[in-house]
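entry-v3.cif, holding mmCIF, N, CA and C atoms:
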```cif
data_input
#
loop_
_atom_site.group_PDB
_atom_site.id
_atom_site.type_symbol
_atom_site.label_atom_id
_atom_site.label_comp_id
_atom_site.auth_asym_id
_atom_site.auth_seq_id
_atom_site.Cartn_x
_atom_site.Cartn_y
_atom_site.Cartn_z
ATOM 1 N N MET I 1 -42.150 32.897 47.125
ATOM 2 C CA MET I 1 -41.484 31.789 46.488
ATOM 3 C C MET I 1 -39.987 32.052 46.495
ATOM 4 N N SER I 2 -39.223 31.033 46.813
ATOM 5 C CA SER I 2 -37.762 31.155 46.850
ATOM 6 C C SER I 2 -37.191 31.223 45.441
ATOM 7 N N PRO I 3 -36.112 31.976 45.268
ATOM 8 C CA PRO I 3 -35.486 32.042 43.946
ATOM 9 C C PRO I 3 -34.853 30.703 43.577
ATOM 10 N N LEU I 4 -34.815 30.434 42.293
ATOM 11 C CA LEU I 4 -34.225 29.190 41.804
ATOM 12 C C LEU I 4 -32.778 29.411 41.395
ATOM 13 N N PHE I 5 -31.947 28.420 41.665
ATOM 14 C CA PHE I 5 -30.583 28.409 41.169
ATOM 15 C C PHE I 5 -30.341 27.027 40.593
ATOM 16 N N LEU I 6 -30.329 26.937 39.274
ATOM 17 C CA LEU I 6 -30.134 25.657 38.610
ATOM 18 C C LEU I 6 -28.707 25.574 38.105
ATOM 19 N N THR I 7 -28.018 24.520 38.491
ATOM 20 C CA THR I 7 -26.617 24.377 38.100
ATOM 21 C C THR I 7 -26.449 23.713 36.739
ATOM 22 N N ASP I 8 -27.437 22.917 36.334
ATOM 23 C CA ASP I 8 -27.353 22.252 35.033
ATOM 24 C C ASP I 8 -28.735 21.761 34.604
ATOM 25 N N THR I 9 -28.817 21.280 33.388
ATOM 26 C CA THR I 9 -30.114 20.867 32.844
ATOM 27 C C THR I 9 -30.624 19.558 33.425
ATOM 28 N N THR I 10 -29.778 18.804 34.107
ATOM 29 C CA THR I 10 -30.270 17.551 34.691
ATOM 30 C C THR I 10 -31.295 17.817 35.792
ATOM 31 N N GLN I 11 -31.230 18.970 36.430
ATOM 32 C CA GLN I 11 -32.227 19.296 37.441
ATOM 33 C C GLN I 11 -33.611 19.456 36.802
ATOM 34 N N ILE I 12 -33.648 19.996 35.618
ATOM 35 C CA ILE I 12 -34.920 20.139 34.899
ATOM 36 C C ILE I 12 -35.439 18.756 34.515
ATOM 37 N N THR I 13 -34.556 17.905 34.030
ATOM 38 C CA THR I 13 -34.934 16.541 33.667
ATOM 39 C C THR I 13 -35.434 15.780 34.892
ATOM 40 N N ASP I 14 -34.739 15.902 36.012
ATOM 41 C CA ASP I 14 -35.155 15.228 37.245
ATOM 42 C C ASP I 14 -36.525 15.706 37.701
ATOM 43 N N ALA I 15 -36.755 17.016 37.629
ATOM 44 C CA ALA I 15 -38.054 17.559 38.027
ATOM 45 C C ALA I 15 -39.160 17.021 37.137
ATOM 46 N N ALA I 16 -38.920 16.998 35.840
ATOM 47 C CA ALA I 16 -39.925 16.493 34.903
ATOM 48 C C ALA I 16 -40.213 15.010 35.136
ATOM 49 N N GLN I 17 -39.170 14.228 35.412
ATOM 50 C CA GLN I 17 -39.361 12.800 35.670
ATOM 51 C C GLN I 17 -40.136 12.566 36.960
ATOM 52 N N LEU I 18 -39.834 13.342 37.995
ATOM 53 C CA LEU I 18 -40.567 13.198 39.250
ATOM 54 C C LEU I 18 -42.035 13.568 39.076
ATOM 55 N N ILE I 19 -42.301 14.624 38.319
ATOM 56 C CA ILE I 19 -43.687 15.021 38.066
ATOM 57 C C ILE I 19 -44.412 13.920 37.300
ATOM 58 N N ALA I 20 -43.761 13.345 36.294
ATOM 59 C CA ALA I 20 -44.375 12.279 35.502
ATOM 60 C C ALA I 20 -44.625 11.032 36.346
ATOM 61 N N THR I 21 -43.724 10.739 37.267
ATOM 62 C CA THR I 21 -43.839 9.521 38.076
ATOM 63 C C THR I 21 -44.753 9.702 39.281
ATOM 64 N N PHE I 22 -44.621 10.822 39.999
ATOM 65 C CA PHE I 22 -45.313 11.000 41.271
ATOM 66 C C PHE I 22 -46.473 11.988 41.221
ATOM 67 N N GLY I 23 -46.652 12.675 40.106
ATOM 68 C CA GLY I 23 -47.755 13.633 39.983
ATOM 69 C C GLY I 23 -47.679 14.702 41.048
ATOM 70 N N SER I 24 -48.769 14.880 41.780
ATOM 71 C CA SER I 24 -48.822 15.936 42.795
ATOM 72 C C SER I 24 -47.891 15.664 43.982
ATOM 73 N N GLY I 25 -47.386 14.455 44.100
ATOM 74 C CA GLY I 25 -46.455 14.119 45.173
ATOM 75 C C GLY I 25 -44.991 14.308 44.795
ATOM 76 N N ALA I 26 -44.736 14.883 43.628
ATOM 77 C CA ALA I 26 -43.365 15.030 43.142
ATOM 78 C C ALA I 26 -42.526 15.912 44.057
ATOM 79 N N GLY I 27 -43.099 16.992 44.540
ATOM 80 C CA GLY I 27 -42.361 17.867 45.450
ATOM 81 C C GLY I 27 -41.996 17.153 46.738
ATOM 82 N N GLY I 28 -42.896 16.351 47.231
ATOM 83 C CA GLY I 28 -42.627 15.564 48.439
ATOM 84 C C GLY I 28 -41.519 14.551 48.225
ATOM 85 N N GLU I 29 -41.497 13.951 47.051
ATOM 86 C CA GLU I 29 -40.436 12.993 46.730
ATOM 87 C C GLU I 29 -39.082 13.691 46.660
ATOM 88 N N ALA I 30 -39.034 14.855 46.044
ATOM 89 C CA ALA I 30 -37.781 15.619 45.988
ATOM 90 C C ALA I 30 -37.340 16.011 47.400
ATOM 91 N N ALA I 31 -38.286 16.403 48.239
ATOM 92 C CA ALA I 31 -37.965 16.759 49.621
ATOM 93 C C ALA I 31 -37.437 15.548 50.388
ATOM 94 N N ALA I 32 -38.027 14.389 50.143
ATOM 95 C CA ALA I 32 -37.559 13.163 50.800
ATOM 96 C C ALA I 32 -36.133 12.834 50.376
ATOM 97 N N ARG I 33 -35.836 13.013 49.105
ATOM 98 C CA ARG I 33 -34.477 12.757 48.621
ATOM 99 C C ARG I 33 -33.492 13.757 49.223
ATOM 100 N N ALA I 34 -33.935 14.995 49.370
ATOM 101 C CA ALA I 34 -33.086 15.992 50.022
ATOM 102 C C ALA I 34 -32.844 15.603 51.479
ATOM 103 N N GLY I 35 -33.880 15.154 52.137
ATOM 104 C CA GLY I 35 -33.748 14.733 53.531
ATOM 105 C C GLY I 35 -32.777 13.581 53.704
ATOM 106 N N LYS I 36 -32.845 12.612 52.808
ATOM 107 C CA LYS I 36 -31.909 11.479 52.869
ATOM 108 C C LYS I 36 -30.475 11.954 52.694
ATOM 109 N N SER I 37 -30.273 12.913 51.786
ATOM 110 C CA SER I 37 -28.928 13.452 51.575
ATOM 111 C C SER I 37 -28.440 14.190 52.812
ATOM 112 N N ALA I 38 -29.337 14.913 53.473
ATOM 113 C CA ALA I 38 -28.950 15.645 54.680
ATOM 114 C C ALA I 38 -28.541 14.680 55.788
ATOM 115 N N VAL I 39 -29.265 13.577 55.909
ATOM 116 C CA VAL I 39 -28.972 12.597 56.952
ATOM 117 C C VAL I 39 -27.577 12.005 56.791
ATOM 118 N N ILE I 40 -27.177 11.767 55.553
ATOM 119 C CA ILE I 40 -25.849 11.177 55.334
ATOM 120 C C ILE I 40 -24.749 12.240 55.230
ATOM 121 N N GLY I 41 -25.137 13.512 55.357
ATOM 122 C CA GLY I 41 -24.156 14.590 55.368
ATOM 123 C C GLY I 41 -23.712 15.079 54.008
ATOM 124 N N ASN I 42 -24.466 14.757 52.967
ATOM 125 C CA ASN I 42 -24.111 15.201 51.620
ATOM 126 C C ASN I 42 -24.834 16.514 51.338
ATOM 127 N N HIS I 43 -24.209 17.622 51.713
ATOM 128 C CA HIS I 43 -24.872 18.926 51.592
ATOM 129 C C HIS I 43 -25.035 19.369 50.147
ATOM 130 N N ILE I 44 -24.165 18.926 49.260
ATOM 131 C CA ILE I 44 -24.286 19.315 47.855
ATOM 132 C C ILE I 44 -25.524 18.686 47.236
ATOM 133 N N THR I 45 -25.714 17.390 47.464
ATOM 134 C CA THR I 45 -26.892 16.714 46.929
ATOM 135 C C THR I 45 -28.157 17.212 47.617
ATOM 136 N N TYR I 46 -28.062 17.508 48.905
ATOM 137 C CA TYR I 46 -29.203 18.075 49.622
ATOM 138 C C TYR I 46 -29.675 19.362 48.937
ATOM 139 N N CYS I 47 -28.738 20.283 48.686
ATOM 140 C CA CYS I 47 -29.088 21.555 48.050
ATOM 141 C C CYS I 47 -29.654 21.334 46.652
ATOM 142 N N ARG I 48 -29.103 20.389 45.938
ATOM 143 C CA ARG I 48 -29.569 20.095 44.579
ATOM 144 C C ARG I 48 -31.028 19.644 44.600
ATOM 145 N N TRP I 49 -31.363 18.704 45.494
ATOM 146 C CA TRP I 49 -32.742 18.219 45.552
ATOM 147 C C TRP I 49 -33.706 19.282 46.065
ATOM 148 N N ARG I 50 -33.240 20.173 46.926
ATOM 149 C CA ARG I 50 -34.099 21.276 47.375
ATOM 150 C C ARG I 50 -34.427 22.189 46.201
ATOM 151 N N GLN I 51 -33.443 22.430 45.329
ATOM 152 C CA GLN I 51 -33.693 23.263 44.155
ATOM 153 C C GLN I 51 -34.641 22.553 43.191
ATOM 154 N N VAL I 52 -34.511 21.246 43.058
ATOM 155 C CA VAL I 52 -35.443 20.481 42.218
ATOM 156 C C VAL I 52 -36.848 20.607 42.800
ATOM 157 N N GLU I 53 -36.962 20.539 44.115
ATOM 158 C CA GLU I 53 -38.271 20.705 44.761
ATOM 159 C C GLU I 53 -38.868 22.079 44.436
ATOM 160 N N ARG I 54 -38.069 23.110 44.504
ATOM 161 C CA ARG I 54 -38.552 24.462 44.176
ATOM 162 C C ARG I 54 -38.952 24.566 42.703
ATOM 163 N N LEU I 55 -38.175 23.925 41.836
ATOM 164 C CA LEU I 55 -38.495 23.924 40.413
ATOM 165 C C LEU I 55 -39.825 23.217 40.165
ATOM 166 N N ILE I 56 -40.062 22.132 40.854
ATOM 167 C CA ILE I 56 -41.339 21.418 40.721
ATOM 168 C C ILE I 56 -42.485 22.336 41.127
ATOM 169 N N ASP I 57 -42.309 23.090 42.194
ATOM 170 C CA ASP I 57 -43.342 24.042 42.616
ATOM 171 C C ASP I 57 -43.648 25.043 41.503
ATOM 172 N N VAL I 58 -42.604 25.539 40.844
ATOM 173 C CA VAL I 58 -42.797 26.505 39.754
ATOM 174 C C VAL I 58 -43.494 25.840 38.569
ATOM 175 N N LEU I 59 -43.050 24.647 38.213
ATOM 176 C CA LEU I 59 -43.599 23.967 37.035
ATOM 177 C C LEU I 59 -45.047 23.525 37.223
ATOM 178 N N THR I 60 -45.441 23.267 38.450
ATOM 179 C CA THR I 60 -46.805 22.775 38.699
ATOM 180 C C THR I 60 -47.755 23.861 39.194
ATOM 181 N N ALA I 61 -47.256 25.093 39.313
ATOM 182 C CA ALA I 61 -48.108 26.192 39.777
ATOM 183 C C ALA I 61 -49.206 26.475 38.752
ATOM 184 N N THR I 62 -50.384 26.772 39.259
ATOM 185 C CA THR I 62 -51.508 27.077 38.382
ATOM 186 C C THR I 62 -51.735 28.577 38.244
ATOM 187 N N GLU I 63 -51.020 29.358 39.057
ATOM 188 C CA GLU I 63 -51.127 30.814 38.989
ATOM 189 C C GLU I 63 -49.742 31.425 38.947
ATOM 190 N N ALA I 64 -49.659 32.628 38.449
ATOM 191 C CA ALA I 64 -48.387 33.347 38.401
ATOM 192 C C ALA I 64 -47.930 33.629 39.834
ATOM 193 N N PRO I 65 -46.626 33.476 40.132
ATOM 194 C CA PRO I 65 -46.142 33.663 41.503
ATOM 195 C C PRO I 65 -45.974 35.119 41.912
ATOM 196 N N GLY I 66 -46.284 36.038 41.070
ATOM 197 C CA GLY I 66 -46.128 37.453 41.423
ATOM 198 C C GLY I 66 -46.979 38.318 40.530
ATOM 199 N N THR I 67 -46.649 39.577 40.480
ATOM 200 C CA THR I 67 -47.390 40.533 39.676
ATOM 201 C C THR I 67 -47.177 40.243 38.199
ATOM 202 N N VAL I 68 -48.262 40.247 37.446
ATOM 203 C CA VAL I 68 -48.199 40.042 36.000
ATOM 204 C C VAL I 68 -48.473 41.381 35.347
ATOM 205 N N HIS I 69 -47.558 41.850 34.518
ATOM 206 C CA HIS I 69 -47.716 43.142 33.856
ATOM 207 C C HIS I 69 -48.139 42.948 32.428
#
```
Go through the file and emit its structure as structure tokens.
Amino acid sequence: MSPLFLTDTTQITDAAQLIATFGSGAGGEAAARAGKSAVIGNHITYCRWRQVERLIDVLTATEAPGTVH
């Protein structure tokens, strides 16, 4: 799993809203938004949505992503 870098709390809010709206497709929606940003050349928004996608993966995981002590 890739490390997360969250710049502000709106990324958490966005992830939660996408999960509430799209359910299991929330990560795909975040990826689509990142893709749209990449197409128009907005690398900052692209990176932001990629981090939201990673956060969604963490929030929706059913198992621990590593060793549990």
Output of the PyMOL selection byres (((chain I and resi 48 and name CA) around 12) and name CA), listed as number ranges by chain: I: 4-12, 14-15, 30-31, 33-35, 37-38, 42-47, 49-55
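Between CA of Leu59 in chain I and atom N of Val39 in chain I the separation is 25.9 Å.
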- request: Write out as an MDAnalysis selection string all residues of chain I that DSSP puts in helix (DSSP H, G or I) for this structure's backbone.
  value: chainID I and resid 10:39 43:60
Using the file's own x, y and z axes, what box holds all listed atoms of range 54-57 of chain I with 8 Å on each side, keeping edges along x, y and z, and what are its centre and edge lengths in Å to one decimal, as JSON?
```
{"center_x": -40.9, "center_y": 23.2, "center_z": 42.3, "size_x": 21.6, "size_y": 19.6, "size_z": 20.3}
```
- prompt: What is the distance, in Å and to one decimal place, between CA of Gly27 in chain I and CA of Ile56 in chain I?
  reply: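 Interatomic distance here is 6.0 Å.
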